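Source file: upload-v5.pdb; contents: PDB, C-alpha atoms and all ligand atoms.
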ATOM      1  CA  MET A   1     -18.024 -11.447   7.726
ATOM      2  CA  LEU A   2     -21.711 -12.036   7.057
ATOM      3  CA  LEU A   3     -22.976 -14.092   4.150
ATOM      4  CA  ILE A   4     -26.046 -12.216   2.930
ATOM      5  CA  SER A   5     -28.514 -13.739   0.484
ATOM      6  CA  CYS A   6     -29.357 -11.151  -2.133
ATOM      7  CA  PRO A   7     -32.877 -11.991  -3.358
ATOM      8  CA  HIS A   8     -31.571 -11.654  -6.930
ATOM      9  CA  CYS A   9     -27.938 -12.835  -6.929
ATOM     10  CA  GLY A  10     -27.945 -15.397  -4.130
ATOM     11  CA  PRO A  11     -25.539 -15.631  -1.170
ATOM     12  CA  ARG A  12     -22.760 -13.034  -1.318
ATOM     13  CA  CYS A  13     -20.155 -11.613   1.008
ATOM     14  CA  GLU A  14     -21.117  -8.718   3.281
ATOM     15  CA  SER A  15     -18.443  -6.524   1.656
ATOM     16  CA  GLU A  16     -20.596  -6.334  -1.501
ATOM     17  CA  PHE A  17     -23.482  -4.763   0.452
ATOM     18  CA  ALA A  18     -24.325  -1.418   1.981
ATOM     19  CA  ASN A  19     -26.571  -1.178   5.016
ATOM     20  CA  GLY A  20     -29.429   1.293   4.587
ATOM     21  CA  GLY A  21     -30.550   1.549   8.193
ATOM     22  CA  GLU A  22     -33.852   0.716   9.812
ATOM     23  CA  ALA A  23     -36.632  -0.408   7.450
ATOM     24  CA  HIS A  24     -40.326   0.536   7.393
ATOM     25  CA  ILE A  25     -39.845   4.185   8.359
ATOM     26  CA  GLU A  26     -42.496   6.043   6.458
ATOM     27  CA  ARG A  27     -42.113   9.660   5.456
ATOM     28  CA  PRO A  28     -44.878  11.687   7.130
ATOM     29  CA  LYS A  29     -47.798  12.176   4.752
ATOM     30  CA  ASP A  30     -48.716  15.615   6.108
ATOM     31  CA  PRO A  31     -45.315  17.235   6.792
ATOM     32  CA  GLU A  32     -46.774  20.753   7.266
ATOM     33  CA  THR A  33     -48.533  19.629  10.448
ATOM     34  CA  LEU A  34     -45.397  18.185  12.072
ATOM     35  CA  SER A  35     -43.776  19.698  15.122
ATOM     36  CA  ASP A  36     -39.987  19.913  15.458
ATOM     37  CA  ALA A  37     -40.138  16.965  17.819
ATOM     38  CA  ASP A  38     -42.058  14.894  15.251
ATOM     39  CA  TRP A  39     -39.486  15.771  12.570
ATOM     40  CA  ALA A  40     -36.639  14.841  14.872
ATOM     41  CA  GLU A  41     -38.333  11.521  15.533
ATOM     42  CA  PHE A  42     -38.661  10.845  11.805
ATOM     43  CA  VAL A  43     -35.209  12.019  10.747
ATOM     44  CA  PHE A  44     -32.933  11.025  13.616
ATOM     45  CA  PHE A  45     -34.428   8.589  16.102
ATOM     46  CA  ARG A  46     -34.071   4.863  15.515
ATOM     47  CA  ASP A  47     -34.800   1.782  17.550
ATOM     48  CA  ASN A  48     -31.794  -0.114  18.839
ATOM     49  CA  PRO A  49     -33.263  -3.397  20.013
ATOM     50  CA  LYS A  50     -31.432  -6.395  21.377
ATOM     51  CA  GLY A  51     -32.703  -9.130  19.090
ATOM     52  CA  LEU A  52     -34.819  -8.724  15.988
ATOM     53  CA  VAL A  53     -33.984  -5.776  13.732
ATOM     54  CA  LEU A  54     -35.606  -5.033  10.383
ATOM     55  CA  GLU A  55     -33.265  -3.158   8.059
ATOM     56  CA  ARG A  56     -32.685  -2.126   4.469
ATOM     57  CA  TRP A  57     -29.725  -3.393   2.489
ATOM     58  CA  ASN A  58     -28.421  -2.493  -0.927
ATOM     59  CA  HIS A  59     -26.398  -4.951  -3.016
ATOM     60  CA  ALA A  60     -24.107  -2.058  -3.893
ATOM     61  CA  GLN A  61     -21.236  -4.007  -5.496
ATOM     62  CA  GLY A  62     -23.594  -6.459  -7.190
ATOM     63  CA  CYS A  63     -27.001  -5.960  -8.784
ATOM     64  CA  ARG A  64     -27.438  -2.586  -6.982
ATOM     65  CA  ARG A  65     -30.992  -3.507  -5.888
ATOM     66  CA  TRP A  66     -32.494  -2.691  -2.495
ATOM     67  CA  PHE A  67     -34.160  -5.267  -0.271
ATOM     68  CA  ASN A  68     -35.168  -5.736   3.358
ATOM     69  CA  ALA A  69     -33.617  -8.143   5.841
ATOM     70  CA  ALA A  70     -34.566  -9.330   9.310
ATOM     71  CA  ARG A  71     -31.492  -9.824  11.479
ATOM     72  CA  ASP A  72     -30.745 -10.838  15.042
ATOM     73  CA  SER A  73     -28.591  -8.035  16.457
ATOM     74  CA  VAL A  74     -27.014 -10.401  19.013
ATOM     75  CA  THR A  75     -26.044 -13.373  16.834
ATOM     76  CA  TYR A  76     -25.990 -11.451  13.516
ATOM     77  CA  GLU A  77     -28.036 -14.286  12.037
ATOM     78  CA  ILE A  78     -30.085 -13.130   9.043
ATOM     79  CA  LEU A  79     -33.542 -14.571   9.650
ATOM     80  CA  ALA A  80     -35.196 -13.537   6.387
ATOM     81  CA  VAL A  81     -34.833 -11.333   3.325
ATOM     82  CA  TYR A  82     -37.916  -9.848   1.698
ATOM     83  CA  PRO A  83     -38.722  -7.254  -0.997
ATOM     84  CA  MET A  84     -38.877  -3.512  -0.503
ATOM     85  CA  GLY A  85     -42.443  -2.392   0.120
ATOM     86  CA  SER A  86     -43.462  -5.707   1.669
ATOM     87  CA  PRO A  87     -44.275  -6.235   5.332
ATOM     88  CA  PRO A  88     -41.857  -8.536   7.177
ATOM     89  CA  PRO A  89     -42.674 -12.250   7.086
ATOM     90  CA  ALA A  90     -43.892 -14.018  10.200
ATOM     91  CA  LEU A  91     -40.856 -14.719  12.367
ATOM     92  CA  ASP A  92     -40.212 -16.319  15.704
ATOM     93  CA  PRO A  93     -37.114 -14.419  16.841
ATOM     94  CA  LYS A  94     -35.182 -15.197  19.995
ATOM     95  CA  ARG A  95     -36.098 -12.912  22.916
ATOM     96  CA  TYR A  96     -33.263 -11.560  25.053
ATOM     97  CA  VAL A  97     -35.074  -9.159  27.381
TER
ATOM     98  CA  MET B   1     -19.733   8.218 -29.443
ATOM     99  CA  ILE B   2     -16.598  10.299 -29.005
ATOM    100  CA  GLU B   3     -14.503  11.304 -32.023
ATOM    101  CA  THR B   4     -12.811   8.242 -33.437
ATOM    102  CA  TYR B   5      -9.376   9.818 -33.290
ATOM    103  CA  LEU B   6      -9.786  10.359 -29.529
ATOM    104  CA  ARG B   7     -10.620   6.737 -28.818
ATOM    105  CA  GLN B   8      -7.851   5.151 -26.846
ATOM    106  CA  ASN B   9      -7.606   1.988 -24.799
ATOM    107  CA  ALA B  10      -7.739   2.663 -21.069
ATOM    108  CA  LEU B  11      -4.281   1.143 -20.543
ATOM    109  CA  ALA B  12      -2.642   2.597 -23.660
ATOM    110  CA  HIS B  13      -0.285   4.680 -21.498
ATOM    111  CA  LEU B  14       1.321   1.518 -20.074
ATOM    112  CA  GLY B  15       2.712   0.446 -23.447
ATOM    113  CA  LEU B  16       1.605  -3.161 -23.033
ATOM    114  CA  GLU B  17       2.103  -4.116 -26.660
ATOM    115  CA  GLY B  18       5.135  -6.287 -27.148
ATOM    116  CA  ARG B  19       5.140  -7.220 -23.454
ATOM    117  CA  GLU B  20       2.540 -10.014 -23.581
ATOM    118  CA  PRO B  21       3.249 -12.907 -21.198
ATOM    119  CA  SER B  22       4.320 -16.219 -22.701
ATOM    120  CA  SER B  23       1.550 -18.624 -23.627
ATOM    121  CA  ASP B  24       2.588 -21.092 -20.899
ATOM    122  CA  ALA B  25       2.565 -18.529 -18.056
ATOM    123  CA  ALA B  26       0.514 -19.503 -15.007
ATOM    124  CA  VAL B  27      -1.400 -16.215 -15.245
ATOM    125  CA  ARG B  28      -1.768 -14.151 -18.387
ATOM    126  CA  LEU B  29      -3.180 -10.618 -18.382
ATOM    127  CA  HIS B  30      -4.204  -8.809 -21.509
ATOM    128  CA  GLU B  31      -6.221  -5.684 -22.171
ATOM    129  CA  LYS B  32      -8.905  -6.224 -24.793
ATOM    130  CA  SER B  33      -9.358  -3.183 -26.996
ATOM    131  CA  LEU B  34     -12.101  -0.708 -26.066
ATOM    132  CA  PRO B  35     -15.212  -2.880 -25.834
ATOM    133  CA  THR B  36     -18.491  -2.196 -27.566
ATOM    134  CA  ALA B  37     -20.978  -2.320 -24.711
ATOM    135  CA  VAL B  38     -24.645  -1.525 -24.268
ATOM    136  CA  ASN B  39     -26.590  -1.546 -21.031
ATOM    137  CA  LEU B  40     -30.140  -2.825 -21.491
ATOM    138  CA  ARG B  41     -33.000  -2.442 -19.028
ATOM    139  CA  GLY B  42     -36.422  -4.014 -19.404
ATOM    140  CA  GLU B  43     -38.982  -6.323 -17.854
ATOM    141  CA  LYS B  44     -38.022  -9.986 -18.068
ATOM    142  CA  ASP B  45     -41.652 -10.939 -17.421
ATOM    143  CA  ASP B  46     -42.793  -9.065 -20.530
ATOM    144  CA  PRO B  47     -42.700 -11.542 -23.453
ATOM    145  CA  THR B  48     -42.861  -8.732 -26.044
ATOM    146  CA  PHE B  49     -39.658  -7.274 -24.581
ATOM    147  CA  LEU B  50     -37.843 -10.634 -24.671
ATOM    148  CA  GLU B  51     -39.015 -11.353 -28.216
ATOM    149  CA  ALA B  52     -38.036  -7.907 -29.503
ATOM    150  CA  VAL B  53     -34.537  -8.223 -28.060
ATOM    151  CA  ASN B  54     -34.149 -11.763 -29.351
ATOM    152  CA  GLY B  55     -35.235 -10.603 -32.797
ATOM    153  CA  ALA B  56     -32.757  -7.717 -32.848
ATOM    154  CA  LEU B  57     -29.797  -9.698 -31.500
ATOM    155  CA  GLY B  58     -30.457 -13.235 -32.650
ATOM    156  CA  LEU B  59     -29.605 -14.267 -29.094
ATOM    157  CA  GLY B  60     -31.953 -14.631 -26.153
ATOM    158  CA  LEU B  61     -31.487 -12.691 -22.931
ATOM    159  CA  PRO B  62     -30.217 -14.831 -20.052
ATOM    160  CA  VAL B  63     -32.909 -14.503 -17.373
ATOM    161  CA  GLU B  64     -31.255 -16.949 -14.964
ATOM    162  CA  PRO B  65     -29.274 -14.979 -12.313
ATOM    163  CA  ASN B  66     -25.482 -14.916 -12.705
ATOM    164  CA  THR B  67     -25.495 -16.394 -16.201
ATOM    165  CA  ALA B  68     -24.348 -15.160 -19.595
ATOM    166  CA  ALA B  69     -25.426 -15.969 -23.143
ATOM    167  CA  GLN B  70     -22.928 -15.926 -25.962
ATOM    168  CA  ASN B  71     -22.568 -16.518 -29.683
ATOM    169  CA  GLU B  72     -19.647 -15.828 -32.072
ATOM    170  CA  THR B  73     -20.056 -12.051 -31.974
ATOM    171  CA  LEU B  74     -21.971 -11.087 -28.853
ATOM    172  CA  ALA B  75     -22.005 -11.788 -25.126
ATOM    173  CA  ILE B  76     -24.968 -10.887 -22.903
ATOM    174  CA  LEU B  77     -24.284 -10.717 -19.175
ATOM    175  CA  TRP B  78     -27.050 -10.830 -16.565
ATOM    176  CA  LEU B  79     -26.595  -7.857 -14.226
ATOM    177  CA  GLY B  80     -29.870  -7.898 -12.318
ATOM    178  CA  PRO B  81     -33.520  -8.917 -12.571
ATOM    179  CA  ASN B  82     -34.160  -6.285 -15.266
ATOM    180  CA  GLU B  83     -30.681  -5.345 -16.441
ATOM    181  CA  TRP B  84     -28.142  -6.798 -18.885
ATOM    182  CA  LEU B  85     -24.793  -5.859 -20.385
ATOM    183  CA  LEU B  86     -24.292  -6.547 -24.092
ATOM    184  CA  VAL B  87     -20.652  -6.760 -25.176
ATOM    185  CA  ARG B  88     -18.767  -7.151 -28.428
ATOM    186  CA  HIS B  89     -15.012  -7.173 -28.922
ATOM    187  CA  ASP B  90     -12.743  -6.167 -31.779
ATOM    188  CA  VAL B  91     -15.391  -4.448 -33.853
ATOM    189  CA  SER B  92     -15.446  -1.001 -35.455
ATOM    190  CA  PRO B  93     -16.117   2.126 -33.334
ATOM    191  CA  GLU B  94     -19.490   2.452 -35.056
ATOM    192  CA  ALA B  95     -20.635  -0.980 -33.843
ATOM    193  CA  GLU B  96     -21.899   0.337 -30.514
ATOM    194  CA  ALA B  97     -24.182   2.941 -32.071
ATOM    195  CA  GLN B  98     -25.411   0.334 -34.570
ATOM    196  CA  LEU B  99     -26.127  -2.175 -31.817
ATOM    197  CA  SER B 100     -28.089   0.307 -29.724
ATOM    198  CA  ALA B 101     -29.952   1.643 -32.774
ATOM    199  CA  SER B 102     -31.070  -1.842 -33.800
ATOM    200  CA  LEU B 103     -32.289  -2.458 -30.234
ATOM    201  CA  ARG B 104     -34.160   0.845 -30.064
ATOM    202  CA  ASP B 105     -35.788   0.138 -33.416
ATOM    203  CA  ALA B 106     -36.892  -3.313 -32.311
ATOM    204  CA  LEU B 107     -38.119  -2.154 -28.888
ATOM    205  CA  GLY B 108     -40.150   0.833 -30.084
ATOM    206  CA  ASP B 109     -42.590   1.778 -27.330
ATOM    207  CA  ILE B 110     -41.854  -1.254 -25.145
ATOM    208  CA  HIS B 111     -40.886  -0.145 -21.621
ATOM    209  CA  SER B 112     -37.083  -0.380 -21.753
ATOM    210  CA  ALA B 113     -33.816   1.586 -21.780
ATOM    211  CA  VAL B 114     -30.795   1.223 -24.061
ATOM    212  CA  THR B 115     -27.584   2.985 -23.027
ATOM    213  CA  GLU B 116     -24.196   2.952 -24.743
ATOM    214  CA  VAL B 117     -21.554   2.396 -22.061
ATOM    215  CA  GLY B 118     -18.486   0.971 -23.827
ATOM    216  CA  GLU B 119     -16.366   4.071 -23.385
ATOM    217  CA  SER B 120     -16.829   3.885 -19.596
ATOM    218  CA  LEU B 121     -15.349   0.394 -19.419
ATOM    219  CA  VAL B 122     -12.103  -1.485 -19.656
ATOM    220  CA  CYS B 123     -11.938  -5.223 -20.284
ATOM    221  CA  ILE B 124      -8.987  -7.144 -18.897
ATOM    222  CA  HIS B 125      -8.720 -10.740 -20.063
ATOM    223  CA  ILE B 126      -7.177 -13.010 -17.459
ATOM    224  CA  SER B 127      -6.273 -16.607 -18.224
ATOM    225  CA  GLY B 128      -3.987 -19.408 -17.191
ATOM    226  CA  PRO B 129      -4.117 -22.211 -14.607
ATOM    227  CA  ARG B 130      -3.714 -19.771 -11.661
ATOM    228  CA  ALA B 131      -6.107 -17.086 -12.971
ATOM    229  CA  ALA B 132      -8.784 -17.897 -10.392
ATOM    230  CA  ASP B 133      -6.207 -17.807  -7.573
ATOM    231  CA  VAL B 134      -5.198 -14.280  -8.539
ATOM    232  CA  ILE B 135      -8.810 -13.064  -8.626
ATOM    233  CA  ALA B 136      -9.565 -14.810  -5.336
ATOM    234  CA  LYS B 137      -6.895 -12.742  -3.575
ATOM    235  CA  GLY B 138      -9.155  -9.692  -3.689
ATOM    236  CA  CYS B 139     -12.630 -10.907  -4.586
ATOM    237  CA  PRO B 140     -15.126 -12.581  -2.217
ATOM    238  CA  LEU B 141     -16.778 -14.660  -4.971
ATOM    239  CA  ASP B 142     -16.271 -18.406  -4.689
ATOM    240  CA  LEU B 143     -14.822 -19.178  -8.114
ATOM    241  CA  HIS B 144     -14.864 -22.959  -7.704
ATOM    242  CA  PRO B 145     -16.998 -24.383 -10.530
ATOM    243  CA  SER B 146     -19.343 -25.999  -8.007
ATOM    244  CA  ALA B 147     -20.199 -22.555  -6.622
ATOM    245  CA  PHE B 148     -19.606 -20.125  -9.486
ATOM    246  CA  GLY B 149     -20.936 -22.458 -12.161
ATOM    247  CA  GLY B 150     -17.978 -22.389 -14.570
ATOM    248  CA  ALA B 151     -18.012 -21.104 -18.130
ATOM    249  CA  GLY B 152     -21.082 -19.133 -19.140
ATOM    250  CA  HIS B 153     -21.529 -17.633 -15.687
ATOM    251  CA  CYS B 154     -20.971 -14.054 -14.624
ATOM    252  CA  ALA B 155     -21.206 -11.952 -11.487
ATOM    253  CA  GLN B 156     -20.751  -8.414 -10.289
ATOM    254  CA  SER B 157     -18.613  -8.052  -7.223
ATOM    255  CA  HIS B 158     -15.463  -6.232  -6.178
ATOM    256  CA  LEU B 159     -11.793  -6.968  -6.708
ATOM    257  CA  SER B 160      -9.713  -5.275  -4.086
ATOM    258  CA  LYS B 161     -11.477  -1.877  -3.951
ATOM    259  CA  THR B 162     -12.770  -1.926  -7.518
ATOM    260  CA  ALA B 163     -16.316  -2.791  -8.619
ATOM    261  CA  ILE B 164     -16.060  -5.496 -11.277
ATOM    262  CA  THR B 165     -18.151  -7.588 -13.608
ATOM    263  CA  LEU B 166     -16.600 -11.015 -14.071
ATOM    264  CA  HIS B 167     -17.481 -13.317 -16.979
ATOM    265  CA  GLN B 168     -16.019 -16.820 -17.105
ATOM    266  CA  LEU B 169     -15.397 -17.850 -20.717
ATOM    267  CA  SER B 170     -13.928 -21.343 -20.405
ATOM    268  CA  ASN B 171     -13.404 -24.130 -17.900
ATOM    269  CA  GLU B 172     -10.216 -25.705 -16.642
ATOM    270  CA  ASP B 173     -10.738 -28.879 -18.692
ATOM    271  CA  GLU B 174     -11.104 -26.769 -21.837
ATOM    272  CA  GLY B 175      -7.642 -25.222 -21.506
ATOM    273  CA  GLY B 176      -8.928 -22.504 -19.180
ATOM    274  CA  PRO B 177     -10.084 -21.083 -17.033
ATOM    275  CA  ASP B 178     -10.210 -17.684 -18.611
ATOM    276  CA  TYR B 179     -12.233 -14.644 -17.661
ATOM    277  CA  ASP B 180     -13.242 -11.274 -19.040
ATOM    278  CA  LEU B 181     -12.980  -8.777 -16.225
ATOM    279  CA  TYR B 182     -14.772  -5.464 -16.668
ATOM    280  CA  THR B 183     -14.364  -2.379 -14.544
ATOM    281  CA  ARG B 184     -14.730   1.374 -14.845
ATOM    282  CA  ARG B 185     -12.174   2.953 -17.085
ATOM    283  CA  SER B 186     -10.940   5.245 -14.330
ATOM    284  CA  PHE B 187      -9.970   2.179 -12.254
ATOM    285  CA  ALA B 188      -8.121   0.495 -15.130
ATOM    286  CA  ASP B 189      -4.608   1.532 -14.151
ATOM    287  CA  TYR B 190      -5.135   0.643 -10.482
ATOM    288  CA  LEU B 191      -6.684  -2.724 -11.275
ATOM    289  CA  TRP B 192      -4.017  -3.651 -13.815
ATOM    290  CA  ARG B 193      -1.223  -2.881 -11.350
ATOM    291  CA  TRP B 194      -3.047  -4.747  -8.584
ATOM    292  CA  LEU B 195      -3.496  -7.817 -10.831
ATOM    293  CA  SER B 196       0.112  -7.704 -12.031
ATOM    294  CA  ASP B 197       1.320  -7.599  -8.451
ATOM    295  CA  ALA B 198      -1.046 -10.390  -7.348
ATOM    296  CA  ALA B 199       0.110 -12.566 -10.259
ATOM    297  CA  ARG B 200       3.820 -12.022  -9.639
ATOM    298  CA  GLU B 201       4.247 -14.971  -7.251
ATOM    299  CA  TYR B 202       3.046 -17.352  -9.985
ATOM    300  CA  SER B 203       5.390 -16.007 -12.651
ATOM    301  CA  GLY B 204       8.328 -18.057 -11.422
ATOM    302  CA  GLY B 205      10.707 -15.149 -11.596
TER
HETATM  303 ZN    ZN C 301     -27.807  -8.737  -5.915
END
Please express the file's structure as structure tokens.
Amino acid sequence: MLLISCPHCGPRCESEFANGGEAHIERPKDPETLSDADWAEFVFFRDNPKGLVLERWNHAQGCRRWFNAARDSVTYEILAVYPMGSPPPALDPKRYV
Amino acid sequence: MIETYLRQNALAHLGLEGREPSSDAAVRLHEKSLPTAVNLRGEKDDPTFLEAVNGALGLGLPVEPNTAAQNETLAILWLGPNEWLLVRHDVSPEAEAQLSASLRDALGDIHSAVTEVGESLVCIHISGPRAADVIAKGCPLDLHPSAFGGAGHCAQSHLSKTAITLHQLSNEDEGGPDYDLYTRRSFADYLWRWLSDAAREYSGG
């Protein structure tokens, strides 16, 4: 079980949180110009890297606030948490490939 | 507010009256009567908001995470960076509307939200030397005073499959610990039965 540091409540058990998928995916600003392939890319396709992942989490059974986290998908180590709407902090993640 | 004659404690159907555990039991469970509760949202960095609330309640909002403020009549639980739960016990059914009205009057145009939520909640009081052990069976919070902080601290988490708000009222060296445990009314029956079952091994019988 992961121990996740909610930016508001402090370190809490993973079971209090809900994962919100990959972070920093921006809704297209001009949707009427998008092709089906572009839509599919936006709606369905996600990166699945070995190593650093940036994802959204919600403290669902706590303060119910959203935040971003940087996690190593191999070790599950949470490298940083940072607010929604902010770019990720400078990190020096382990490289596997 | 619903009609007064329809107000009923969430666990009224269990007939708990007259079946209270003895005062020396290792774990004692008790349903507090329908709480008066108001959810308050506002900006903690806005001094006019904090002052208006303080003026209306005579008690300052706890802005430190996971802490509660309390006087003789009112408890204020920190729920998030801009959210609090105000609770009173054993007061008249009109108290909730009065509490929210006095807040709305004081807040005026200040960016905020006041919502009456008492009828959505149940409050189970749990006390006794093994109270924390019972909660720990289904809750990931570390209830040791060095981690949880002891009396005057609160947290939202889950107990078994139920979302809870936990408020520690007293410490072990003060005859405690004891806790107010809040959950949604619709989970009251489930949570009560879960707690009763979890406490059974400490009942000595
Ligand atoms: Zn939180």
- Task: Produce as a PyMOL selection string the set of residues near ligand ZN 301 (chain C), where near means within 9 Å with all atoms listed in the file considered.
- Result: (chain A and resi 5-12+16-17+58-66) or (chain B and resi 79-81+156)
- Mind listing as a ChimeraX atom specification which residues of chain B are within 12 Å of chain A, counting all atoms listed in the file? /B:63-67,77-85,138-142,147-148,153-166,183
Neighbours of point (-34.0, -14.6, 25.0) within 12 Å, using all atoms listed in the file, written as a CSV table (one decimal) with C-alpha atoms, in the frame of the given file:
chain,number,residue,atom,x,y,z
A,50,LYS,CA,-31.4,-6.4,21.4
A,51,GLY,CA,-32.7,-9.1,19.1
A,52,LEU,CA,-34.8,-8.7,16.0
A,72,ASP,CA,-30.7,-10.8,15.0
A,74,VAL,CA,-27.0,-10.4,19.0
A,75,THR,CA,-26.0,-13.4,16.8
A,92,ASP,CA,-40.2,-16.3,15.7
A,93,PRO,CA,-37.1,-14.4,16.8
A,94,LYS,CA,-35.2,-15.2,20.0
A,95,ARG,CA,-36.1,-12.9,22.9
A,96,TYR,CA,-33.3,-11.6,25.1
A,97,VAL,CA,-35.1,-9.2,27.4
- Message: Given all atoms listed in the file as the basis, pick out the residue of B:Leu107, B:Leu86, B:Leu34, B:Leu11 nearest to Gln70 in chain B.
- Response: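 The shortest atom-to-atom distance to Gln70 in chain B comes from B:Leu86.
Within 8 Å of the point (-7.3, -15.1, -18.4), counting all atoms listed in the file, the protein and nucleic acid residues come to Val27, Arg28, Leu29, His30, His125, Ile126, Ser127, Gly128, Ala131, Gly176, Pro177, Asp178, Tyr179 and Asp180 of chain B.
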- Enumerate, as a list in words, the residues matched when the PyMOL selection byres (((chain B and resi 198) around 10) and not hetatm) is run on the file above. Val27, Asp133, Val134, Ile135, Ala136, Lys137, Gly138, Trp192, Arg193, Trp194, Leu195, Ser196, Asp197, Ala199, Arg200, Glu201 and Tyr202 of chain B
- Between CA of Ala25 in chain B and CA of Leu191 in chain B, what is the distance, to one decimal in Å? 19.5 Å
Kindly add N, CA and C atoms to the incomplete range 115-131 of chain B and provide the output as a tab-separated table (two decimals), keeping the file's coordinate frame.
chain	number	residue	atom	x	y	z
B	115	THR	N	-28.61	1.98	-23.30
B	115	THR	CA	-27.58	2.98	-23.03
B	115	THR	C	-26.22	2.50	-23.50
B	116	GLU	N	-25.54	3.31	-24.29
B	116	GLU	CA	-24.20	2.95	-24.74
B	116	GLU	C	-23.19	3.25	-23.63
B	117	VAL	N	-22.44	2.23	-23.22
B	117	VAL	CA	-21.55	2.40	-22.06
B	117	VAL	C	-20.12	1.95	-22.32
B	118	GLY	N	-19.80	1.55	-23.56
B	118	GLY	CA	-18.49	0.97	-23.83
B	118	GLY	C	-17.33	1.87	-23.43
B	119	GLU	N	-17.49	3.18	-23.66
B	119	GLU	CA	-16.37	4.07	-23.38
B	119	GLU	C	-16.14	4.29	-21.89
B	120	SER	N	-17.05	3.78	-21.04
B	120	SER	CA	-16.83	3.88	-19.60
B	120	SER	C	-16.09	2.67	-19.06
B	121	LEU	N	-15.84	1.68	-19.92
B	121	LEU	CA	-15.35	0.39	-19.42
B	121	LEU	C	-13.95	0.05	-19.92
B	122	VAL	N	-13.31	-0.83	-19.18
B	122	VAL	CA	-12.10	-1.48	-19.66
B	122	VAL	C	-12.35	-2.98	-19.49
B	123	CYS	N	-11.82	-3.78	-20.40
B	123	CYS	CA	-11.94	-5.22	-20.28
B	123	CYS	C	-10.54	-5.82	-20.21
B	124	ILE	N	-10.26	-6.46	-19.08
B	124	ILE	CA	-8.99	-7.14	-18.90
B	124	ILE	C	-9.27	-8.64	-18.98
B	125	HIS	N	-8.57	-9.30	-19.91
B	125	HIS	CA	-8.72	-10.74	-20.06
B	125	HIS	C	-7.67	-11.40	-19.20
B	126	ILE	N	-8.11	-12.33	-18.35
B	126	ILE	CA	-7.18	-13.01	-17.46
B	126	ILE	C	-7.34	-14.51	-17.66
B	127	SER	N	-6.23	-15.18	-17.92
B	127	SER	CA	-6.27	-16.61	-18.22
B	127	SER	C	-5.06	-17.31	-17.62
B	128	GLY	N	-5.08	-18.62	-17.73
B	128	GLY	CA	-3.99	-19.41	-17.19
B	128	GLY	C	-4.43	-20.22	-16.00
B	129	PRO	N	-3.69	-21.29	-15.68
B	129	PRO	CA	-4.12	-22.21	-14.61
B	129	PRO	C	-4.28	-21.55	-13.24
B	130	ARG	N	-3.58	-20.42	-12.97
B	130	ARG	CA	-3.71	-19.77	-11.66
B	130	ARG	C	-4.57	-18.51	-11.73
B	131	ALA	N	-5.31	-18.31	-12.82
B	131	ALA	CA	-6.11	-17.09	-12.97
B	131	ALA	C	-7.09	-16.91	-11.82
